[in-house]
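Asker: Sending over my_file.txt (compact mmCIF, C-alpha atoms (C1' of nucleotides)).
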# COMPACT_ATOMS: atom_id res chain seq x y z
CA MET J 308 -32.00 -8.83 12.75
CA ARG J 309 -31.31 -5.82 10.60
CA GLU J 310 -33.57 -3.00 11.70
CA ASN J 311 -31.60 -2.27 14.85
CA ASP J 312 -28.04 -3.00 13.80
CA THR J 313 -27.27 0.73 13.78
CA PHE J 314 -28.14 1.21 17.44
CA PRO J 315 -24.74 0.46 19.05
CA PHE J 316 -23.07 3.08 16.86
CA LEU J 317 -25.27 6.01 17.89
CA PRO J 318 -24.92 8.80 18.72
CA LEU J 319 -22.03 9.69 16.45
CA ARG J 320 -19.83 12.60 17.39
CA GLU J 321 -19.78 15.55 15.06
CA PRO J 322 -16.48 14.83 13.22
CA THR J 323 -17.36 11.17 12.67
CA PHE J 324 -20.81 12.07 11.37
CA PHE J 325 -19.38 14.55 8.88
CA ILE J 326 -16.81 12.05 7.66
CA LEU J 327 -19.49 9.47 6.90
CA LEU J 328 -21.77 12.12 5.43
CA SER J 329 -19.04 13.28 3.06
CA LEU J 330 -18.85 9.72 1.68
CA PHE J 331 -22.56 9.55 0.97
CA PRO J 332 -22.34 10.76 -2.67
CA GLY J 333 -19.47 8.39 -3.43
CA GLU J 334 -15.92 7.25 -2.69
CA LYS J 335 -13.24 9.70 -1.62
CA HIS J 336 -9.70 9.73 -0.23
CA GLY J 337 -8.80 11.15 3.18
CA TYR J 338 -7.69 14.59 2.17
CA ALA J 339 -10.72 15.06 -0.07
CA ILE J 340 -12.92 14.18 2.93
CA LEU J 341 -11.14 16.88 4.90
CA LYS J 342 -12.00 19.52 2.29
CA GLU J 343 -15.55 18.30 1.72
CA VAL J 344 -16.32 18.44 5.44
CA GLU J 345 -15.17 22.05 5.53
CA GLN J 346 -17.47 22.79 2.65
CA ILE J 347 -20.68 21.04 3.73
CA SER J 348 -20.26 22.39 7.27
CA GLN J 349 -19.65 25.90 5.89
CA LYS J 350 -16.23 26.06 7.58
CA ARG J 351 -17.79 25.38 10.97
CA VAL J 352 -15.94 22.05 11.22
CA GLU J 353 -12.27 21.79 10.33
CA LEU J 354 -10.94 18.31 11.05
CA SER J 355 -7.39 17.79 12.24
CA THR J 356 -5.57 15.01 10.42
CA GLY J 357 -5.30 13.16 13.72
CA THR J 358 -9.08 13.07 14.03
CA LEU J 359 -9.52 12.12 10.39
CA TYR J 360 -7.13 9.21 10.02
CA GLU J 361 -7.86 7.73 13.41
CA ALA J 362 -11.57 7.88 12.59
CA LEU J 363 -11.00 6.19 9.22
CA ALA J 364 -9.08 3.33 10.87
CA ARG J 365 -11.84 2.92 13.44
CA LEU J 366 -14.65 3.02 10.86
CA LEU J 367 -12.86 0.42 8.73
CA GLU J 368 -12.57 -1.89 11.73
CA GLN J 369 -16.23 -1.35 12.60
CA GLY J 370 -17.27 -2.13 9.04
CA LEU J 371 -18.94 1.21 8.34
CA ILE J 372 -16.56 1.99 5.47
CA GLU J 373 -14.32 -0.08 3.20
CA ARG J 374 -11.36 0.47 0.89
CA SER J 375 -11.89 0.69 -2.84
CA GLU J 376 -9.30 0.75 -5.60
CA ASP J 377 -6.55 3.31 -5.09
CA GLY J 378 -6.84 6.08 -7.60
CA ARG J 379 -3.24 6.83 -8.51
CA ALA J 380 -4.18 10.10 -10.14
CA PRO J 381 -1.13 12.18 -11.08
CA GLY J 382 -0.53 14.90 -8.53
CA PRO J 383 1.36 15.76 -5.38
CA GLY J 384 1.35 13.91 -2.08
CA LYS J 385 1.55 10.37 -0.84
CA PRO J 386 -0.46 7.73 -2.70
CA ARG J 387 -4.19 8.15 -2.15
CA LYS J 388 -6.40 5.64 -0.41
CA LEU J 389 -10.04 5.59 -1.42
CA TYR J 390 -12.88 4.82 0.98
CA ARG J 391 -16.60 4.23 0.50
CA LEU J 392 -19.60 3.54 2.73
CA THR J 393 -20.70 -0.03 3.33
CA GLY J 394 -24.39 -0.90 3.50
CA LEU J 395 -24.16 -0.77 7.27
CA GLY J 396 -22.36 2.56 7.12
CA ARG J 397 -25.10 4.00 4.95
CA ARG J 398 -27.78 2.84 7.38
CA VAL J 399 -25.84 4.33 10.29
CA VAL J 400 -25.62 7.75 8.60
CA GLU J 401 -29.33 7.69 7.85
CA ALA J 402 -30.18 6.60 11.39
CA GLU J 403 -28.02 9.38 12.83
CA ALA J 404 -29.64 11.98 10.58
CA GLU J 405 -33.02 10.76 11.78
CA ARG J 406 -31.87 10.93 15.42
CA LEU J 407 -30.70 14.51 14.91
CA ALA J 408 -34.02 15.52 13.39
CA GLN J 409 -35.94 14.00 16.31
CA LEU J 410 -33.58 15.57 18.82
CA SER J 411 -34.00 18.96 17.21
CA ASN J 412 -37.76 18.56 17.33
CA ALA J 413 -37.74 17.48 20.97
CA ALA J 414 -35.58 20.48 21.83
CA HIS J 415 -37.80 23.05 20.16
CA ARG J 416 -40.88 21.43 21.69
CA GLN J 417 -39.36 21.66 25.16
CA MET J 418 -38.37 25.31 24.67
CA ARG J 419 -41.72 26.27 23.15
CA ASP J 420 -43.77 24.61 25.88
CA GLN J 421 -41.89 26.65 28.43
CA ARG J 422 -42.74 29.95 26.74
CA ALA J 423 -46.40 28.94 26.56
CA GLY J 424 -46.32 28.58 30.32
CA GLY J 425 -47.08 24.86 30.41
CA MET U 824 -18.97 40.63 23.27
CA ARG U 825 -22.02 38.52 23.86
CA GLU U 826 -23.17 37.04 20.58
CA ASN U 827 -20.43 34.43 20.46
CA ASP U 828 -19.94 33.50 24.11
CA THR U 829 -21.65 30.15 23.51
CA PHE U 830 -19.14 29.02 20.90
CA PRO U 831 -16.53 27.33 23.15
CA PHE U 832 -19.23 25.11 24.69
CA LEU U 833 -20.48 23.60 21.44
CA PRO U 834 -21.13 20.94 20.39
CA LEU U 835 -22.67 19.48 23.53
CA ARG U 836 -22.80 15.74 23.89
CA GLU U 837 -26.20 14.14 24.09
CA PRO U 838 -26.43 13.60 27.87
CA THR U 839 -25.27 17.15 28.64
CA PHE U 840 -27.70 18.63 26.15
CA PHE U 841 -30.62 16.75 27.68
CA ILE U 842 -29.63 17.81 31.19
CA LEU U 843 -29.66 21.48 30.23
CA LEU U 844 -32.83 21.04 28.19
CA SER U 845 -34.61 19.49 31.17
CA LEU U 846 -33.86 22.65 33.17
CA PHE U 847 -35.35 24.95 30.53
CA PRO U 848 -38.86 25.06 32.04
CA GLY U 849 -37.51 25.69 35.55
CA GLU U 850 -35.34 24.54 38.45
CA LYS U 851 -35.02 20.85 39.32
CA HIS U 852 -32.92 18.56 41.51
CA GLY U 853 -30.65 15.87 40.12
CA TYR U 854 -32.91 12.88 40.39
CA ALA U 855 -35.81 14.82 38.84
CA ILE U 856 -33.52 15.68 35.91
CA LEU U 857 -32.82 11.97 35.49
CA LYS U 858 -36.53 11.21 35.19
CA GLU U 859 -37.34 14.19 32.98
CA VAL U 860 -34.61 13.24 30.52
CA GLU U 861 -36.08 9.76 30.19
CA GLN U 862 -39.43 11.34 29.49
CA ILE U 863 -38.49 14.01 26.93
CA SER U 864 -36.21 11.54 25.13
CA GLN U 865 -38.97 8.92 25.10
CA LYS U 866 -36.77 6.48 27.03
CA ARG U 867 -34.07 6.69 24.36
CA VAL U 868 -31.66 8.28 26.86
CA GLU U 869 -31.27 6.89 30.37
CA LEU U 870 -28.54 8.72 32.25
CA SER U 871 -26.34 6.92 34.73
CA THR U 872 -25.89 8.76 38.01
CA GLY U 873 -22.18 8.99 37.29
CA THR U 874 -22.84 10.92 34.09
CA LEU U 875 -25.46 13.10 35.78
CA TYR U 876 -23.61 14.28 38.87
CA GLU U 877 -20.30 14.74 37.13
CA ALA U 878 -22.05 16.79 34.47
CA LEU U 879 -23.78 18.93 37.11
CA ALA U 880 -20.46 19.67 38.82
CA ARG U 881 -18.90 20.58 35.49
CA LEU U 882 -21.81 22.78 34.40
CA LEU U 883 -21.73 24.61 37.74
CA GLU U 884 -18.04 25.32 37.32
CA GLN U 885 -18.60 26.50 33.74
CA GLY U 886 -21.38 28.82 34.87
CA LEU U 887 -24.11 27.25 32.73
CA ILE U 888 -26.20 26.35 35.77
CA GLU U 889 -26.37 27.58 39.36
CA ARG U 890 -27.71 26.36 42.69
CA SER U 891 -30.98 27.72 43.97
CA GLU U 892 -32.52 27.33 47.44
CA ASP U 893 -32.65 23.78 48.66
CA GLY U 894 -36.22 22.66 48.61
CA ARG U 895 -36.27 20.44 51.66
CA ALA U 896 -39.50 18.91 50.47
CA PRO U 897 -40.64 15.97 52.60
CA GLY U 898 -39.77 12.69 50.95
CA PRO U 899 -37.25 9.89 50.82
CA GLY U 900 -33.57 10.14 49.98
CA LYS U 901 -30.68 12.44 50.72
CA PRO U 902 -31.34 16.17 50.83
CA ARG U 903 -32.11 17.56 47.42
CA LYS U 904 -30.02 20.14 45.61
CA LEU U 905 -31.85 22.40 43.19
CA TYR U 906 -30.30 23.68 39.97
CA ARG U 907 -31.39 26.22 37.37
CA LEU U 908 -30.04 27.58 34.10
CA THR U 909 -28.02 30.79 34.11
CA GLY U 910 -28.45 33.33 31.31
CA LEU U 911 -25.37 31.87 29.66
CA GLY U 912 -26.72 28.35 30.10
CA ARG U 913 -29.95 29.33 28.39
CA ARG U 914 -28.09 30.84 25.44
CA VAL U 915 -25.98 27.71 25.15
CA VAL U 916 -29.05 25.44 24.99
CA GLU U 917 -30.61 27.64 22.35
CA ALA U 918 -27.40 27.78 20.32
CA GLU U 919 -27.06 24.01 20.47
CA ALA U 920 -30.67 23.51 19.36
CA GLU U 921 -29.96 25.82 16.44
CA ARG U 922 -26.77 23.91 15.60
CA LEU U 923 -28.71 20.62 15.60
CA ALA U 924 -31.34 22.02 13.27
CA GLN U 925 -28.69 23.24 10.83
CA LEU U 926 -26.81 19.96 11.06
CA SER U 927 -29.98 18.02 10.37
CA ASN U 928 -30.69 20.21 7.35
CA ALA U 929 -27.15 19.86 6.00
CA ALA U 930 -27.40 16.09 6.38
CA HIS U 931 -30.66 15.74 4.52
CA ARG U 932 -29.44 18.09 1.81
CA GLN U 933 -26.30 15.98 1.31
CA MET U 934 -28.31 12.75 1.17
CA ARG U 935 -30.92 14.20 -1.17
CA ASP U 936 -28.38 15.65 -3.61
CA GLN U 937 -26.86 12.20 -3.97
CA ARG U 938 -30.17 10.62 -4.95
CA ALA U 939 -30.70 13.35 -7.54
CA GLY U 940 -27.54 12.13 -9.20
CA GLY U 941 -25.37 15.22 -8.62
C1' DA X 905 -39.94 -4.43 64.06
C1' DT X 906 -37.57 -5.15 59.96
C1' DA X 907 -36.94 -6.01 55.27
C1' DA X 908 -37.48 -4.38 50.65
C1' DT X 909 -38.09 -0.68 47.50
C1' DA X 910 -37.86 3.93 45.55
C1' DT X 911 -35.75 8.12 46.12
C1' DA X 912 -31.45 10.89 46.21
C1' DT X 913 -26.44 12.19 45.98
C1' DA X 914 -21.63 10.99 45.16
C1' DT X 915 -16.86 8.86 43.79
C1' DA X 916 -13.53 5.65 41.33
C1' DG X 917 -11.64 3.39 37.38
C1' DG X 918 -11.69 2.50 32.68
C1' DT X 919 -12.98 3.51 27.61
C1' DT X 920 -13.88 6.22 23.58
C1' DT X 921 -13.18 10.01 20.81
C1' DC X 922 -11.21 14.13 19.90
C1' DC X 923 -7.46 17.57 19.43
C1' DG X 924 -2.76 19.65 18.81
C1' DA X 925 1.80 18.69 17.65
C1' DC X 926 4.88 16.28 15.14
C1' DA X 927 6.64 13.26 11.25
C1' DT X 928 6.98 11.68 6.43
C1' DA X 929 6.46 11.83 1.34
C1' DT X 930 5.52 13.85 -3.45
C1' DA X 931 4.72 17.22 -7.20
C1' DG X 932 4.79 21.88 -9.18
C1' DG X 933 6.01 26.91 -9.24
C1' DC X 934 9.48 30.37 -8.39
C1' DG P 1078 17.08 24.46 -4.20
C1' DC P 1079 13.10 26.09 -1.59
C1' DC P 1080 8.40 26.90 -0.63
C1' DT P 1081 3.66 25.62 -0.92
C1' DA P 1082 -0.13 22.48 -1.45
C1' DT P 1083 -1.31 17.86 -1.35
C1' DA P 1084 -1.52 13.48 1.19
C1' DT P 1085 -1.06 9.96 4.98
C1' DG P 1086 0.12 8.78 9.59
C1' DT P 1087 1.52 8.46 15.00
C1' DC P 1088 1.67 10.14 19.78
C1' DG P 1089 0.30 12.20 24.23
C1' DG P 1090 -3.11 14.40 26.69
C1' DA P 1091 -7.87 15.96 27.77
C1' DA P 1092 -12.97 15.76 27.93
C1' DA P 1093 -16.98 13.28 28.62
C1' DC P 1094 -19.04 9.17 29.13
C1' DC P 1095 -20.14 4.51 31.36
C1' DT P 1096 -20.20 0.76 34.91
C1' DA P 1097 -19.81 -0.30 39.36
C1' DT P 1098 -19.84 0.83 43.98
C1' DA P 1099 -21.06 3.51 48.25
C1' DT P 1100 -24.03 6.11 51.25
C1' DA P 1101 -28.44 7.97 53.23
C1' DT P 1102 -33.57 8.49 53.91
C1' DA P 1103 -38.55 7.75 53.73
C1' DT P 1104 -42.42 4.77 52.47
C1' DT P 1105 -44.51 0.29 51.98
C1' DA P 1106 -45.01 -4.60 52.76
C1' DT P 1107 -44.47 -8.49 55.78
What does the file become when written as structure tokens?

Answerer:
Amino acid sequence: MRENDTFPFLPLREPTFFILLSLFPGEKHGYAILKEVEQISQKRVELSTGTLYEALARLLEQGLIERSEDGRAPGPGKPRKLYRLTGLGRRVVEAEAERLAQLSNAAHRQMRDQRAGG
Amino acid sequence: MRENDTFPFLPLREPTFFILLSLFPGEKHGYAILKEVEQISQKRVELSTGTLYEALARLLEQGLIERSEDGRAPGPGKPRKLYRLTGLGRRVVEAEAERLAQLSNAAHRQMRDQRAGG
DNA sequence: ATAATATATATAGGTTTCCGACATATAGGC
DNA sequence: GCCTATATGTCGGAAACCTATATATATTAT
């Protein structure tokens, strides 16, 4: 089957979700992910490198991301390693976004119903 | 201060969020929480009793919930223990719901921008 | 009567994921 | 040379979850 292959991966925790989300537009290396996550979360999430690189190893093993060619762009630091979403990884991000939307709706429904006195 | 006292509790994990959310309309005992969470999550979340009672102990200690009078209502099972949200607990649920809404928006924005070719 | 079921609370052991601290390596500016 | 920014990685501990197990009580079926 293919509709439900995202199920065992959900829910994602916040850092993992942001890492995958940062790869949605295209491939990136670890440090670039770190900076992008700060940006798209408006500084609300600042990953530690421990969280980042352990997550990348895990996501590789789970088949949600894969390595692409190393961009040896001139610049400081150790050699970069580029990562991109797999098809499965893309479906997992989309499924998690959908879960979050439903959860948010369920929450506001529950809080509204209370105020109405139901 | 009082605006930011919810910060150290966020993000909540899914089971904890649903437990607090189930208490929003009013006090409940543990087993009732278990059933309510199944209902408001449309069976997507089924708490184990381990998760539930450990979470209740933790939330009590953190001051997000408190005990109310034991309703010794006639019925089967061990004596019930009733719990309700504290003021802090209520603010935490609301802050988490707000965080989820923003996270959901950020996610859809990121996925949409990609499709637009940015 | 008694056996089975649904209700109700609780603890123990193991796993996953995260976080903070530390370690290593490279390039450019002062 | 030294500092800073870039870049990857490991280690130990903590938080929260899950599965399994244990206990207790009332109702229902046999």

Asker: Which residues of chain X are close to chain J, meaning at most 7 Å apart when you count all atoms listed in the file, and how do they look as a list in words?

Answerer: DC922, DA929, DT930 and DA931 of chain X

Asker: Smallest atom-to-atom distance to chain U: which of P:DA1106, P:DC1094, P:DA1099, P:DA1082, using all atoms listed in the file?

Answerer: P:DC1094

Asker: If I take atom CA of Tyr338 of chain J and atom CA of Val399 of chain J, how far is one from the other in Å, to one decimal?

Answerer: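 Going from atom CA of Tyr338 of chain J over to atom CA of Val399 of chain J, I get 22.4 Å.
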
Asker: Taking all atoms listed in the file into account and nothing else, which residues of chain P lie no more than 7 Å away from chain J? Please answer as a PDB file with C-alpha atoms (C1' of nucleotides), keeping the file's coordinate frame.

Answerer:
ATOM      1  C1'  DT P1083      -1.310  17.860  -1.350  1.00  0.00           C
ATOM      2  C1'  DA P1084      -1.520  13.480   1.190  1.00  0.00           C
ATOM      3  C1'  DT P1085      -1.060   9.960   4.980  1.00  0.00           C
TER       4       DT P1085
END

Asker: Write out as a PyMOL selection string every residue belonging to chain J that has an atom at most 12 Å from any atom of chain U, counting all atoms listed in the file.

Answerer: chain J and resi 314+317-322+324-333+343-344+346-349+351-352+397-398+400-425

Asker: Those selected residues, please, written with C-alpha atoms and delivered as a PDB file, in the coordinates of the input.

Answerer:
ATOM      1  CA  PHE J 314     -28.140   1.210  17.440  1.00  0.00           C
ATOM      2  CA  LEU J 317     -25.270   6.010  17.890  1.00  0.00           C
ATOM      3  CA  PRO J 318     -24.920   8.800  18.720  1.00  0.00           C
ATOM      4  CA  LEU J 319     -22.030   9.690  16.450  1.00  0.00           C
ATOM      5  CA  ARG J 320     -19.830  12.600  17.390  1.00  0.00           C
ATOM      6  CA  GLU J 321     -19.780  15.550  15.060  1.00  0.00           C
ATOM      7  CA  PRO J 322     -16.480  14.830  13.220  1.00  0.00           C
ATOM      8  CA  PHE J 324     -20.810  12.070  11.370  1.00  0.00           C
ATOM      9  CA  PHE J 325     -19.380  14.550   8.880  1.00  0.00           C
ATOM     10  CA  ILE J 326     -16.810  12.050   7.660  1.00  0.00           C
ATOM     11  CA  LEU J 327     -19.490   9.470   6.900  1.00  0.00           C
ATOM     12  CA  LEU J 328     -21.770  12.120   5.430  1.00  0.00           C
ATOM     13  CA  SER J 329     -19.040  13.280   3.060  1.00  0.00           C
ATOM     14  CA  LEU J 330     -18.850   9.720   1.680  1.00  0.00           C
ATOM     15  CA  PHE J 331     -22.560   9.550   0.970  1.00  0.00           C
ATOM     16  CA  PRO J 332     -22.340  10.760  -2.670  1.00  0.00           C
ATOM     17  CA  GLY J 333     -19.470   8.390  -3.430  1.00  0.00           C
ATOM     18  CA  GLU J 343     -15.550  18.300   1.720  1.00  0.00           C
ATOM     19  CA  VAL J 344     -16.320  18.440   5.440  1.00  0.00           C
ATOM     20  CA  GLN J 346     -17.470  22.790   2.650  1.00  0.00           C
ATOM     21  CA  ILE J 347     -20.680  21.040   3.730  1.00  0.00           C
ATOM     22  CA  SER J 348     -20.260  22.390   7.270  1.00  0.00           C
ATOM     23  CA  GLN J 349     -19.650  25.900   5.890  1.00  0.00           C
ATOM     24  CA  ARG J 351     -17.790  25.380  10.970  1.00  0.00           C
ATOM     25  CA  VAL J 352     -15.940  22.050  11.220  1.00  0.00           C
ATOM     26  CA  ARG J 397     -25.100   4.000   4.950  1.00  0.00           C
ATOM     27  CA  ARG J 398     -27.780   2.840   7.380  1.00  0.00           C
ATOM     28  CA  VAL J 400     -25.620   7.750   8.600  1.00  0.00           C
ATOM     29  CA  GLU J 401     -29.330   7.690   7.850  1.00  0.00           C
ATOM     30  CA  ALA J 402     -30.180   6.600  11.390  1.00  0.00           C
ATOM     31  CA  GLU J 403     -28.020   9.380  12.830  1.00  0.00           C
ATOM     32  CA  ALA J 404     -29.640  11.980  10.580  1.00  0.00           C
ATOM     33  CA  GLU J 405     -33.020  10.760  11.780  1.00  0.00           C
ATOM     34  CA  ARG J 406     -31.870  10.930  15.420  1.00  0.00           C
ATOM     35  CA  LEU J 407     -30.700  14.510  14.910  1.00  0.00           C
ATOM     36  CA  ALA J 408     -34.020  15.520  13.390  1.00  0.00           C
ATOM     37  CA  GLN J 409     -35.940  14.000  16.310  1.00  0.00           C
ATOM     38  CA  LEU J 410     -33.580  15.570  18.820  1.00  0.00           C
ATOM     39  CA  SER J 411     -34.000  18.960  17.210  1.00  0.00           C
ATOM     40  CA  ASN J 412     -37.760  18.560  17.330  1.00  0.00           C
ATOM     41  CA  ALA J 413     -37.740  17.480  20.970  1.00  0.00           C
ATOM     42  CA  ALA J 414     -35.580  20.480  21.830  1.00  0.00           C
ATOM     43  CA  HIS J 415     -37.800  23.050  20.160  1.00  0.00           C
ATOM     44  CA  ARG J 416     -40.880  21.430  21.690  1.00  0.00           C
ATOM     45  CA  GLN J 417     -39.360  21.660  25.160  1.00  0.00           C
ATOM     46  CA  MET J 418     -38.370  25.310  24.670  1.00  0.00           C
ATOM     47  CA  ARG J 419     -41.720  26.270  23.150  1.00  0.00           C
ATOM     48  CA  ASP J 420     -43.770  24.610  25.880  1.00  0.00           C
ATOM     49  CA  GLN J 421     -41.890  26.650  28.430  1.00  0.00           C
ATOM     50  CA  ARG J 422     -42.740  29.950  26.740  1.00  0.00           C
ATOM     51  CA  ALA J 423     -46.400  28.940  26.560  1.00  0.00           C
ATOM     52  CA  GLY J 424     -46.320  28.580  30.320  1.00  0.00           C
ATOM     53  CA  GLY J 425     -47.080  24.860  30.410  1.00  0.00           C
TER      54      GLY J 425
END

Asker: So what do you get for atom CA of Glu376 of chain J versus atom C1' of DT921 of chain X, distance-wise?

Answerer: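 Straight-line distance from atom CA of Glu376 of chain J to atom C1' of DT921 of chain X works out to 28.3 Å.
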
Asker: What does the distance from atom C1' of DT919 of chain X to atom CA of Ile856 of chain U come to in Å, to one decimal?

Answerer: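 So the two atoms, atom C1' of DT919 of chain X and atom CA of Ile856 of chain U, lie 25.3 Å apart.
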
Asker: Identify, on the basis of all atoms listed in the file, every residue whose closest approach to DG933 of chain X does not exceed 12 Å; exclude the query and any residue fewer than 5 positions from it along the same chain; express the result as a ChimeraX atom specification.

Answerer: /P:1079-1082

Asker: Restricting the output to C-alpha atoms (C1' of nucleotides), write the selected residues as a CSV table (one decimal), in the coordinates of the input.

Answerer:
chain,number,residue,atom,x,y,z
P,1079,DC,C1',13.1,26.1,-1.6
P,1080,DC,C1',8.4,26.9,-0.6
P,1081,DT,C1',3.7,25.6,-0.9
P,1082,DA,C1',-0.1,22.5,-1.4

Asker: Please tell me which residues are no farther than 12 Å from (-6.2, 15.2, 28.1) in the file, counting all atoms listed in the file, and write them as a PyMOL selection string.

Answerer: (chain X and resi 921-924) or (chain P and resi 1089-1093)

Asker: Output C-alpha atoms (C1' of nucleotides) for every residue in that selection, as a compact mmCIF listing (two decimals), in the coordinates of the input.

Answerer:
# COMPACT_ATOMS: atom_id res chain seq x y z
C1' DT X 921 -13.18 10.01 20.81
C1' DC X 922 -11.21 14.13 19.90
C1' DC X 923 -7.46 17.57 19.43
C1' DG X 924 -2.76 19.65 18.81
C1' DG P 1089 0.30 12.20 24.23
C1' DG P 1090 -3.11 14.40 26.69
C1' DA P 1091 -7.87 15.96 27.77
C1' DA P 1092 -12.97 15.76 27.93
C1' DA P 1093 -16.98 13.28 28.62

Asker: I need every residue sitting at most 10 Å from the point (-20.5, 4.0, 46.1) (coordinates as in the file, only C-alpha atoms (C1' of nucleotides) considered), written as a PyMOL selection string.

Answerer: (chain X and resi 914-916) or (chain P and resi 1097-1100)

Asker: Closest to DT911 of chain X among P:DT1087, P:DA1101, P:DG1078, P:DC1095, using all atoms listed in the file?

Answerer: P:DA1101

Asker: Should you be able to, write chain P of this structure into a file that contains C-alpha atoms (C1' of nucleotides), as a PDB file, in the first residue's frame.

Answerer:
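Now in decode.pdb:
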ATOM      1  C1'  DG P1078      49.170  34.200  14.737  1.00  0.00           C
ATOM      2  C1'  DC P1079      44.491  34.733  16.508  1.00  0.00           C
ATOM      3  C1'  DC P1080      39.663  35.329  16.316  1.00  0.00           C
ATOM      4  C1'  DT P1081      35.321  34.607  14.122  1.00  0.00           C
ATOM      5  C1'  DA P1082      32.095  32.280  11.172  1.00  0.00           C
ATOM      6  C1'  DT P1083      31.298  28.192   8.859  1.00  0.00           C
ATOM      7  C1'  DA P1084      30.708  23.160   9.004  1.00  0.00           C
ATOM      8  C1'  DT P1085      30.318  18.297  10.788  1.00  0.00           C
ATOM      9  C1'  DG P1086      30.217  15.107  14.511  1.00  0.00           C
ATOM     10  C1'  DT P1087      30.013  12.322  19.353  1.00  0.00           C
ATOM     11  C1'  DC P1088      28.657  11.676  24.199  1.00  0.00           C
ATOM     12  C1'  DG P1089      25.907  11.609  28.482  1.00  0.00           C
ATOM     13  C1'  DG P1090      21.775  12.685  30.554  1.00  0.00           C
ATOM     14  C1'  DA P1091      16.800  13.900  30.776  1.00  0.00           C
ATOM     15  C1'  DA P1092      11.900  13.964  29.335  1.00  0.00           C
ATOM     16  C1'  DA P1093       8.064  11.698  27.649  1.00  0.00           C
ATOM     17  C1'  DC P1094       6.264   7.938  25.653  1.00  0.00           C
ATOM     18  C1'  DC P1095       4.937   2.845  25.156  1.00  0.00           C
ATOM     19  C1'  DT P1096       4.142  -2.084  26.471  1.00  0.00           C
ATOM     20  C1'  DA P1097       3.314  -5.040  29.885  1.00  0.00           C
ATOM     21  C1'  DT P1098       1.871  -6.092  34.295  1.00  0.00           C
ATOM     22  C1'  DA P1099      -0.733  -5.535  38.748  1.00  0.00           C
ATOM     23  C1'  DT P1100      -4.628  -4.362  41.581  1.00  0.00           C
ATOM     24  C1'  DA P1101      -9.553  -3.313  42.792  1.00  0.00           C
ATOM     25  C1'  DT P1102     -14.688  -2.833  42.111  1.00  0.00           C
ATOM     26  C1'  DA P1103     -19.328  -3.100  40.179  1.00  0.00           C
ATOM     27  C1'  DT P1104     -22.428  -4.949  36.663  1.00  0.00           C
ATOM     28  C1'  DT P1105     -23.938  -8.599  33.645  1.00  0.00           C
ATOM     29  C1'  DA P1106     -24.265 -13.279  31.984  1.00  0.00           C
ATOM     30  C1'  DT P1107     -24.324 -18.137  32.969  1.00  0.00           C
TER      31       DT P1107
END
